[in-house]
Every structure is written in C-alpha cells, then in structure tokens.
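Visitor: Take this structure, written in structure tokens, and hold onto it; I'll ask about it next.
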Amino acid sequence: MKIAFITTEVFPYAKVGGLGDVSSALPLALKSLKKEIDIFMPMYKDIDKKAHKIRKYNHWKPFDIKIGDKSYSVELFRVKLDKKVNVFFIYNEELYNRSGIYTNTEGKAFKDNHIRDIFFSKASLEVMKILNLNYDILHTNDSHTALIAPYIKLVYKDEEVFQNTKIVLTIHNIGAAYQGICEAVEIEKAGFSYDLHYLGGPLEFYGKFNFLKAGIYYADLVTTVSPKYAIEIQTPQFGEGLDGLLREMSHKLVGILNGIDTNIWNPSKDDLIKKKYSFKTVKKGKLANKKELLKEFFLKDGKKPLISMISRLTAQKGFDLLESVAEDLAKLDINLIVLGTGEKNYEMILSSLMERYPETFSVKLKYDDKLAHLMEAGSDMFLMPSKYEPCGLNQLYSLAYGTVPIVKGVGGLEDSIVSYPSEDSTGFKFYKHDSLEMLEAIKKAIDLYKNNTEEFFNLSKRGMKINNNWKKSAKEYVKQYTELIK
Ligand code: ADP
C-alpha cells in the first residue's frame with residue numbers, strides 16, 4: 001500500500017496547530033506499520049533548510065503550472081523526516097517567499113491563500129505525474145488540499161498514474177474561516193468547469209466557491225479527528241453550513257481520534273522539561289517542573305493550584321468565558337497561566353487580565369514549543385473551554401504528563417476525558433458554553449486538589465496510564481485505506 005500524505009503543516013518544519021503534529025506523527029506511525037508513505041508540503045520561507053538538511057531534489061527541472069492566465073514555476077526539495085519518511089517540499093518564489101504560513105506577522109490572512117492552495121494541490125499532482133509516483137491513497141487535509149479530490153475525479157481522471165488512486169480527506173477543523181471560501185470566478189482559474197457552479201452543486205456554496213465542500217463531495221472517504229466531532233459536524237450547530245452535505249455523505253464519513261507522538265510528548269523522555277518523571281515519580285517530578293515554570297511566569301506561590309492554557313488565541317478556544325469570570329477566578333487562590341498567539345483582541349483581553357490580577361494571571365503572548373512542554377509537565381491542571389474541538393491535542397498531552405484536564409465536553413474533548421466523579425475519571429467536564437459552568441468545574445477540581453490530594457493524584461495517574469499512542473489510530477486509518485482499495 002502506497003500513501004501520499006498531503007498537508008500544509010508538518011512538525012518540526014512548519015506548525016501552526018494540531019495539523020502540524022498530526023502530519024508528522026501519523027505518517028511516522030504508518031511507516032512503523034510497514035506502509036510506504038511520502039509527505040508533500042509547501043516550502044515556506046521560514047523553514048530552516050540548513051538546520052533540517054533539506055536539499056534540492058536531484059535532477060529536477062522546474063516547470064510551470066497555470067492558474068488562470070498566470071504561470072507559476074514549481075521547484076522541488078526533499079528530506080527524510082526522522083530518517084524514515086520521505087518529505088517532498090514544493091516551492092514557488094511568488095507564493096512562498098514571505099514570512100508566515102497562512103498569515104502575515106500581524107496575524108492577517110494572506111489575500112492570495114486560495115491561489116496558494118490551488119497551486120500546492122495542483123503542483124503536488126504534477127510532481128506525482130512527472131516522477132511516476134502511483135499512490136493507492138492520497139490523504140489530503142483540510143481545505144488547503146481539499147481540491148485534490150475534484151482534481152483527481154474531474155481533471156486528472158484519465159491520467160494513467162492515478163487510475164487506481166483513492167482520495168481521503170481529513171477535516172481537522174470545519175470552522176467557516178478554514179473552509180477555503182473564495183469568489184466563484186476562481187473555479188475556472190483553478191481549472192474546473194463553471195458548469196458545476198449550479199445552485200447546490202459541488203462547486204457552489206452560497207454563490208461562492210468552497211474548497212472544503214468540493215473535497216467532501218468528491219473524496220472517496222472523509223474522516224475527522226474524533227468520533228464525536230464526526231457526529232457533531234452533521235448538525236447545524238457545528239456543521240458551519242456543511243452539515244447538510246455531511247449528512248448526505250454520512251456513508252463515507254468516519255471519526256478517528258488523533259493520537260500523540262510518545263517520542264516527543266513523554267515526561268520520562270522529555271529533554272525540554274526541567275525534571276523527567278514517570279508514573280512512579282509523578283508527584284516529585286511535577287513539583288520540580290512546577291517550580292521552574294512559576295519562575296518563567298514570574299509567579300511565586302507553589303502551593304496554589306496551577307492551571308495552564310496553551311492555545312491559538314481564536315474565538316474557537318473559549319477565551320470569552322475566561323474574561324467574564326476573571327474576578328471570581330482571582331478570588332480562588334489559584335494561578336492561571338496562558339501561552340498563546342493569535343487574534344489581537346484576545347491578546348489584549350489576556351494582557352489586561354494580567355494587569356488587573358497579577359497575583360492570579362500570567363500570560364505569554366508567543367509561540368514557544370519548549371515552554372509548552374514545561375507547562376504540561378509543571379501544571380496541576382489544564383483548561384480547555386473550547387466552543388468546539390475537533391480533537392484537541394493538549395488534553396491528550398496533559399493526560400500523558402499527569403496534568404488533570406478541565407474541559408468542555410465537546411468533540412474530541414468529550415471522547416478523551418472521563419469526568420469526575422466516576423471509577424475511571426481522568427478530569428473534569430462541563431457541557432454548556434457558559435462561564436459559570438466552567439467556573440464550577442474549576443472549583444470542583446481545586447476542591448479535590450486541596451481537600452483530597454490522594455484522589456486528585458489517582459485521576460492524574462489514571463490519565464498517565466491511558467494509551468493514546470498514534471499506533472492505535474494509525475491502525476484505524478490502515479483499516480479504512482484497505483477497505484477503499486479492496
Ligand atoms: P488546534 O489544532 O486547534 O490549534 P490542538 O489542541 O489540536 O489545537 O493543537 C494545538 C497544538 O499547538 C498543540 O501541540 C499545542 O501545544 C500547540 N500550540 C498552540 N499554541 C502554542 C504556543 N503559543 N506555543 C507553543 N505551542 C502551541
């Protein structure tokens with residue numbers, strides 16, 4: 001079985017959120033299951049070619065592809081991820097010679113993102129054609145590469161190299177801002193017939209062109225990153241306008257919970273934390289990391305329960321709930337630390353919380369992978385009040401690090417955390433997007449931490465014992481791929 005994993009983020013080369021983690025961990029897990037797999041991703045300016053030993057692909061002759069009337073040259077680079085999985089990087093000077101992955105340094109989305117997605121999707125297929133790489137499965141991800149499905153079904157359908165190729169599309173986030181919506185004039189530019197832009201047709205979405213919709217329509221299999229989210233996106237509340245189509249396509253929709261890369265997120269092996277620890281040494285280990293973490297955030301009181309958040313700062317992540325109960329949180333005798341970057345209004349809200357309640361809140365507005373590891377290791381609890389959460393990785397990392405998650409019971413958070421009190425509880429859940437409900441859940445967690453420490457650590461240890469290794473999820477993907485190519 002030969003698979004191409006086509007994605008716009010791969011850790012450690014370029015990562016904005018969970019997609020970056022999944023795009024390295026899943027291919028590596030598939031490789032360890034003896035599957036042949038290559039990754040395709042764009043070559044961004046910020047990728048450190050030298051540090052990662054990324055080289056120009058030998059004997060490659062750059063060629064042009066057309067988008068509308070304009071020609072774009074395709075250059076190719078390559079490296080082996082972890083010395084195991086081949087990664088092809090696709091480059092075009094005009095589209096990728098700029099800082100940022102989807103946004104500029106001010107956090108504003110690039111105006112030509114749809115052209116970059118068309119280019120990358122088309123160029124990946126052209127590279128496969130030229131190098132005669134006949135994959136059984138093209139595994140595409142989110143709106144960025146969703147057009148590969150209609151390309152294969154409509155434009156490349158007679159190409160020899162794709163005759164037996166099946167298309168999988170994984171939805172990591174169906175949020176309207178991530179659907180790849182642009183004006184209908186782009187349909188012909190992308191190389192499709194405008195005839196498919198009829199009301200309710202596969203290339204029509206409220207008069208516009210929607211890449212994710214087209215992908216869902218033409219893919220052979222649509223997956224999403226947790227079973228619960230697969231159900232939720234078929235409802236108007238979570239489907240962001242695509243729920244009708246997803247209900248129609250439910251026969252080819254499955255949810256597979258993401259895993260974690262236990263070589264990277266593992267407190268007994270983690271070089272990025274102050275003190276490594278295991279299940280047996282969790283109390284001592286976490287305390288040493290907590291001390292270091294408090295220093296980083298200029299906080300002193302190690303006795304206070306320490307709650308962390310690491311997140312993109314967007315409406316999805318529920319920061320609005322934090323603001324409305326800030327005063328109540330400040331009265332709780334806790335420390336709440338936040339690491340994140342994103343939308344300016346949330347950065348301002350968080351900074352003002354820190355100014356108003358310096359004894360409680362401490363915030364770092366940056367992207368810092370090392371600090372993220374220390375936060376998982378040194379915190380007592382981890383808060384995720386997401387409005388919606390396709391899978392969520394930080395609650396899985398928290399479980400692995402014995403940090404007790406407090407989450408909203410939605411999407412992957414609902415699938416991965418069992419709420420206290422229960423025989424197998426691993427965390428605390430609340431269900432309504434309501435700040436008082438969140439506050440109640442936090443109070444419950446703190447109460448247990450302070451008044452029944454032993455039971456609190458039972459939750460923590462239970463979490464550490466759960467196997468969320470990628471291998472489990474990768475086997476699920478293999479099962480689905482096998483069904484498709486049967
Ligand atoms: P999403 O994909 O919606 O951003 P996930 O929870 O699935 O959310 O994944 C987020 C990933 O990005 C995690 O690995 C998290 O640690 C990381 N991350 C998010 N913001 C930061 C930040 N400011 N610094 C370091 N890592 C971050």
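By convention in this document, the chains of the structure tokens carry letters A, B, ... by their order, each chain's residues are numbered from 1, and ligands are numbered from 1 in the order they are shown.
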Around ligand 1, out to 10 Å and counting only C-alpha atoms and all ligand atoms, which residues are there? I want them as number ranges by chain.

Guide: A: 11, 15-22, 172-173, 225, 258, 260, 265, 309-314, 316-317, 338-342, 364-373, 375-376, 384, 386, 388-398, 412-413

Visitor: Extract, using only C-alpha atoms, all DNA, RNA and protein residues at most 10 Å from Glu93 (chain A), discarding same-chain residues fewer than 2 positions from it, and format them as a list in words.

Guide: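 Selected residues are Met43, Tyr44, Lys45, Tyr72, Ser73, Val74, Glu75, Tyr91, Leu95, Tyr96, Asn97 and Arg98 of chain A.
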
Visitor: As a PyMOL selection string, please: all residues of region 69-268 of chain A that backbone DSSP puts in strand (DSSP E or B).

Guide: chain A and resi 70-81+85-91+103+109+137-141+166-171+181-182+205+208-210+221-224+253-255+260

Visitor: Limited to C-alpha atoms, could you put the picked residues into a file as an mmCIF file, in the first residue's frame?

Guide:
```cif
data_model
loop_
_atom_site.group_PDB
_atom_site.id
_atom_site.type_symbol
_atom_site.label_atom_id
_atom_site.label_comp_id
_atom_site.auth_asym_id
_atom_site.auth_seq_id
_atom_site.Cartn_x
_atom_site.Cartn_y
_atom_site.Cartn_z
ATOM 1 C CA LYS A 70 -0.664 33.135 -14.917
ATOM 2 C CA SER A 71 2.228 30.682 -14.862
ATOM 3 C CA TYR A 72 3.881 29.539 -11.650
ATOM 4 C CA SER A 73 7.131 27.607 -11.609
ATOM 5 C CA VAL A 74 7.355 24.505 -9.417
ATOM 6 C CA GLU A 75 10.565 23.801 -7.554
ATOM 7 C CA LEU A 76 11.148 20.684 -5.522
ATOM 8 C CA PHE A 77 13.105 19.944 -2.335
ATOM 9 C CA ARG A 78 13.361 16.849 -0.248
ATOM 10 C CA VAL A 79 14.330 15.488 3.169
ATOM 11 C CA LYS A 80 13.732 12.387 5.284
ATOM 12 C CA LEU A 81 11.648 13.041 8.374
ATOM 13 C CA VAL A 85 9.654 9.215 5.812
ATOM 14 C CA ASN A 86 10.305 10.997 2.539
ATOM 15 C CA VAL A 87 9.072 14.611 2.563
ATOM 16 C CA PHE A 88 8.683 16.492 -0.741
ATOM 17 C CA PHE A 89 8.640 20.280 -0.389
ATOM 18 C CA ILE A 90 7.039 22.297 -3.173
ATOM 19 C CA TYR A 91 8.216 25.845 -3.746
ATOM 20 C CA THR A 103 -0.935 34.829 7.923
ATOM 21 C CA ALA A 109 -4.581 36.043 6.459
ATOM 22 C CA ILE A 137 -4.141 6.618 -1.402
ATOM 23 C CA LEU A 138 -3.841 10.392 -1.495
ATOM 24 C CA HIS A 139 -4.541 11.508 2.062
ATOM 25 C CA THR A 140 -5.489 15.195 1.929
ATOM 26 C CA ASN A 141 -6.026 17.511 4.883
ATOM 27 C CA LYS A 166 -8.413 6.769 -3.859
ATOM 28 C CA ILE A 167 -8.774 10.074 -2.050
ATOM 29 C CA VAL A 168 -9.122 10.514 1.701
ATOM 30 C CA LEU A 169 -9.936 13.950 3.097
ATOM 31 C CA THR A 170 -9.441 14.578 6.806
ATOM 32 C CA ILE A 171 -11.277 17.521 8.332
ATOM 33 C CA ILE A 181 -14.166 30.072 0.592
ATOM 34 C CA CYS A 182 -13.463 32.403 -2.332
ATOM 35 C CA PHE A 205 -21.629 27.456 -1.832
ATOM 36 C CA LYS A 208 -19.149 31.265 -3.888
ATOM 37 C CA PHE A 209 -16.559 28.509 -4.310
ATOM 38 C CA ASN A 210 -15.808 26.405 -1.222
ATOM 39 C CA LEU A 221 -13.606 8.820 2.265
ATOM 40 C CA VAL A 222 -13.996 11.760 4.615
ATOM 41 C CA THR A 223 -12.539 11.415 8.079
ATOM 42 C CA THR A 224 -12.450 13.719 11.015
ATOM 43 C CA LEU A 253 -17.679 9.798 6.961
ATOM 44 C CA VAL A 254 -15.775 8.361 9.947
ATOM 45 C CA GLY A 255 -14.194 9.832 13.070
ATOM 46 C CA ILE A 260 0.077 11.571 20.384
#
```

Visitor: Could you name the residues that touch region 474-484 of chain A at 6 Å or less, counting only C-alpha atoms, but leaving out those on the same chain fewer than 3 positions away, as a ChimeraX atom specification?

Guide: /A:30,470-471

Visitor: For the selection just defined, write its residues with N, CA, C and O atoms to a file, as an mmCIF file, in the first residue's frame.

Guide:
```
data_model
loop_
_atom_site.group_PDB
_atom_site.id
_atom_site.type_symbol
_atom_site.label_atom_id
_atom_site.label_comp_id
_atom_site.auth_asym_id
_atom_site.auth_seq_id
_atom_site.Cartn_x
_atom_site.Cartn_y
_atom_site.Cartn_z
ATOM 1 N N LEU A 30 2.366 5.230 10.448
ATOM 2 C CA LEU A 30 2.023 4.367 9.302
ATOM 3 C C LEU A 30 3.276 3.660 8.786
ATOM 4 O O LEU A 30 3.241 2.490 8.412
ATOM 5 N N TRP A 470 -0.087 6.977 18.818
ATOM 6 C CA TRP A 470 -0.571 7.084 17.438
ATOM 7 C C TRP A 470 -0.797 5.736 16.752
ATOM 8 O O TRP A 470 -1.590 5.617 15.831
ATOM 9 N N LYS A 471 -0.059 4.731 17.235
ATOM 10 C CA LYS A 471 -0.140 3.436 16.544
ATOM 11 C C LYS A 471 -1.592 2.948 16.490
ATOM 12 O O LYS A 471 -2.043 2.401 15.480
#
```

Visitor: With distances taken over only C-alpha atoms, which of A:Asn469, A:Thr105, A:Ser416, A:Ser308 is nearest to Pro227 (chain A)?

Guide: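 Looking at the shortest contact to Pro227 (chain A), the residue is A:Ser416.
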
Visitor: If we count only C-alpha atoms and set the cut-off at 12 Å, which residues sit around region 319-329 of chain A, ignoring sequence neighbours fewer than 6 positions away in its own chain? Please answer as number ranges by chain.

Guide: A: 305, 307, 309-313, 335-338, 340, 342-343, 345-361, 383-387, 408, 432-443, 446

Visitor: Based on the selection just made, write N, CA and C atoms of those residues as a compact mmCIF listing (two decimals), in the first residue's frame.

Guide:
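Output file selection_15.txt is given in full below:
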```txt
# COMPACT_ATOMS: atom_id res chain seq x y z
N PRO A 305 -2.88 25.89 43.45
CA PRO A 305 -3.03 25.05 42.26
C PRO A 305 -2.71 25.85 41.00
N ILE A 307 -3.03 26.23 37.01
CA ILE A 307 -3.81 25.83 35.83
C ILE A 307 -3.20 26.46 34.58
N MET A 309 -3.10 27.05 30.17
CA MET A 309 -3.74 27.01 28.86
C MET A 309 -2.66 27.26 27.81
N ILE A 310 -2.64 26.43 26.75
CA ILE A 310 -1.72 26.66 25.63
C ILE A 310 -2.60 26.62 24.38
N SER A 311 -2.61 27.71 23.62
CA SER A 311 -3.61 27.72 22.58
C SER A 311 -3.41 28.82 21.54
N ARG A 312 -3.92 28.54 20.35
CA ARG A 312 -4.10 29.64 19.40
C ARG A 312 -5.17 30.55 20.03
N LEU A 313 -4.99 31.85 19.91
CA LEU A 313 -5.98 32.76 20.50
C LEU A 313 -7.03 33.09 19.45
N ASN A 335 -3.27 29.96 40.43
CA ASN A 335 -2.53 30.65 39.38
C ASN A 335 -3.00 30.11 38.04
N LEU A 336 -3.25 31.01 37.13
CA LEU A 336 -3.67 30.59 35.79
C LEU A 336 -2.71 31.19 34.77
N ILE A 337 -2.01 30.31 34.07
CA ILE A 337 -1.01 30.81 33.11
C ILE A 337 -1.44 30.45 31.68
N VAL A 338 -1.17 31.39 30.77
CA VAL A 338 -1.60 31.20 29.38
C VAL A 338 -0.42 31.42 28.44
N GLY A 340 0.05 31.72 24.33
CA GLY A 340 -0.70 31.71 23.08
C GLY A 340 -0.42 32.90 22.20
N GLY A 342 -2.26 34.90 18.52
CA GLY A 342 -3.40 34.86 17.61
C GLY A 342 -4.05 36.21 17.47
N GLU A 343 -5.38 36.21 17.57
CA GLU A 343 -6.12 37.44 17.31
C GLU A 343 -5.83 38.51 18.37
N ASN A 345 -7.51 40.98 19.64
CA ASN A 345 -8.45 41.30 20.72
C ASN A 345 -8.27 40.34 21.91
N TYR A 346 -7.97 39.07 21.63
CA TYR A 346 -7.74 38.13 22.74
C TYR A 346 -6.41 38.42 23.42
N GLU A 347 -5.43 38.83 22.64
CA GLU A 347 -4.14 39.20 23.26
C GLU A 347 -4.35 40.36 24.24
N MET A 348 -5.21 41.30 23.83
CA MET A 348 -5.47 42.46 24.69
C MET A 348 -6.24 42.05 25.95
N ILE A 349 -7.24 41.19 25.77
CA ILE A 349 -8.02 40.73 26.93
C ILE A 349 -7.10 40.06 27.94
N LEU A 350 -6.25 39.17 27.45
CA LEU A 350 -5.36 38.42 28.35
C LEU A 350 -4.36 39.35 29.05
N SER A 351 -3.82 40.29 28.28
CA SER A 351 -2.85 41.23 28.90
C SER A 351 -3.54 42.03 29.98
N SER A 352 -4.78 42.42 29.73
CA SER A 352 -5.46 43.25 30.74
C SER A 352 -5.78 42.42 31.99
N LEU A 353 -6.09 41.12 31.82
CA LEU A 353 -6.31 40.26 33.00
C LEU A 353 -5.05 40.21 33.86
N MET A 354 -3.92 40.11 33.18
CA MET A 354 -2.65 40.02 33.90
C MET A 354 -2.37 41.32 34.66
N GLU A 355 -2.73 42.44 34.03
CA GLU A 355 -2.52 43.73 34.71
C GLU A 355 -3.44 43.89 35.91
N ARG A 356 -4.70 43.46 35.72
CA ARG A 356 -5.68 43.65 36.80
C ARG A 356 -5.46 42.68 37.96
N TYR A 357 -5.08 41.47 37.64
CA TYR A 357 -4.94 40.45 38.70
C TYR A 357 -3.57 39.77 38.61
N PRO A 358 -2.51 40.51 38.89
CA PRO A 358 -1.17 39.94 38.69
C PRO A 358 -0.86 38.76 39.61
N GLU A 359 -1.59 38.65 40.72
CA GLU A 359 -1.35 37.52 41.64
C GLU A 359 -1.93 36.22 41.08
N THR A 360 -2.87 36.34 40.14
CA THR A 360 -3.56 35.15 39.62
C THR A 360 -3.12 34.81 38.20
N PHE A 361 -3.18 35.80 37.29
CA PHE A 361 -2.95 35.51 35.88
C PHE A 361 -1.54 35.87 35.44
N LEU A 383 -6.68 23.73 31.28
CA LEU A 383 -8.04 24.18 30.97
C LEU A 383 -8.28 24.31 29.47
N MET A 384 -9.34 23.68 28.97
CA MET A 384 -9.73 23.81 27.55
C MET A 384 -11.24 24.04 27.46
N PRO A 385 -11.67 25.31 27.47
CA PRO A 385 -13.11 25.60 27.41
C PRO A 385 -13.61 25.83 25.98
N SER A 386 -13.11 25.05 25.01
CA SER A 386 -13.38 25.29 23.59
C SER A 386 -14.87 25.32 23.25
N LYS A 387 -15.23 26.23 22.34
CA LYS A 387 -16.60 26.26 21.81
C LYS A 387 -16.86 24.96 21.08
N LYS A 408 -14.42 21.43 28.23
CA LYS A 408 -15.82 21.40 27.85
C LYS A 408 -16.08 20.09 27.12
N LYS A 432 -22.14 23.20 28.98
CA LYS A 432 -22.68 24.38 28.30
C LYS A 432 -21.57 25.39 28.08
N HIS A 433 -21.66 26.15 26.97
CA HIS A 433 -20.66 27.19 26.77
C HIS A 433 -21.03 28.37 27.66
N ASP A 434 -20.71 28.21 28.93
CA ASP A 434 -21.21 29.13 29.94
C ASP A 434 -20.12 29.32 30.99
N SER A 435 -19.79 30.59 31.27
CA SER A 435 -18.65 30.85 32.15
C SER A 435 -18.89 30.34 33.56
N LEU A 436 -20.14 30.37 34.02
CA LEU A 436 -20.39 29.90 35.39
C LEU A 436 -20.24 28.39 35.49
N GLU A 437 -20.65 27.69 34.42
CA GLU A 437 -20.43 26.23 34.42
C GLU A 437 -18.95 25.90 34.41
N MET A 438 -18.20 26.69 33.63
CA MET A 438 -16.74 26.48 33.62
C MET A 438 -16.16 26.73 35.02
N LEU A 439 -16.62 27.81 35.63
CA LEU A 439 -16.14 28.17 36.98
C LEU A 439 -16.43 27.03 37.97
N GLU A 440 -17.62 26.46 37.89
CA GLU A 440 -17.99 25.35 38.78
C GLU A 440 -17.03 24.18 38.60
N ALA A 441 -16.72 23.86 37.34
CA ALA A 441 -15.81 22.73 37.06
C ALA A 441 -14.42 23.01 37.64
N ILE A 442 -13.97 24.25 37.48
CA ILE A 442 -12.66 24.62 38.03
C ILE A 442 -12.69 24.50 39.56
N LYS A 443 -13.79 24.97 40.16
CA LYS A 443 -13.89 24.90 41.63
C LYS A 443 -13.85 23.45 42.11
N ILE A 446 -10.30 22.19 41.96
CA ILE A 446 -9.47 22.78 43.03
C ILE A 446 -9.82 22.18 44.39
```

Visitor: Please identify every residue of region 287-372 of chain A that has at least one atom no farther than 7 Å from an atom of region 272-277 of chain A, counting only C-alpha atoms, and for each give the shortest atom pair and the distance in Å to one decimal, arranged by chain then increasing number, as a tab-separated table.

Guide:
```
residue	atom	partner	partner_atom	distance
A:Ala288	CA	A:Lys275	CA	6.3
A:Asn289	CA	A:Lys274	CA	5.4
A:Glu292	CA	A:Lys274	CA	6.9
A:Lys370	CA	A:Leu272	CA	5.6
```

Visitor: Any chance you could export the current selection's C-alpha atoms as an mmCIF file, in the first residue's frame?

Guide:
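Result saved to out_4.cif:
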```cif
data_model
loop_
_atom_site.group_PDB
_atom_site.id
_atom_site.type_symbol
_atom_site.label_atom_id
_atom_site.label_comp_id
_atom_site.auth_asym_id
_atom_site.auth_seq_id
_atom_site.Cartn_x
_atom_site.Cartn_y
_atom_site.Cartn_z
ATOM 1 C CA ALA A 288 10.313 20.244 40.331
ATOM 2 C CA ASN A 289 8.864 21.305 36.981
ATOM 3 C CA GLU A 292 10.766 26.133 37.197
ATOM 4 C CA LYS A 370 9.838 24.295 24.827
#
```

Visitor: Lys2 (chain A): which residues within 6 Å, counting only C-alpha atoms, same-chain residues fewer than 2 positions away excluded, as a PyMOL selection string?

Guide: chain A and resi 36-37+135-136

Visitor: For the residues in the current selection, export C-alpha atoms as a JSON list (two decimals), in the first residue's frame.

Guide:
```
[["chain", "number", "residue", "atom", "x", "y", "z"],
["A", 36, "GLU", "CA", 5.01, 3.02, 2.14],
["A", 37, "ILE", "CA", 4.34, 6.69, 2.70],
["A", 135, "TYR", "CA", -0.04, 6.02, -4.91],
["A", 136, "ASP", "CA", -3.03, 3.93, -3.82]]
```
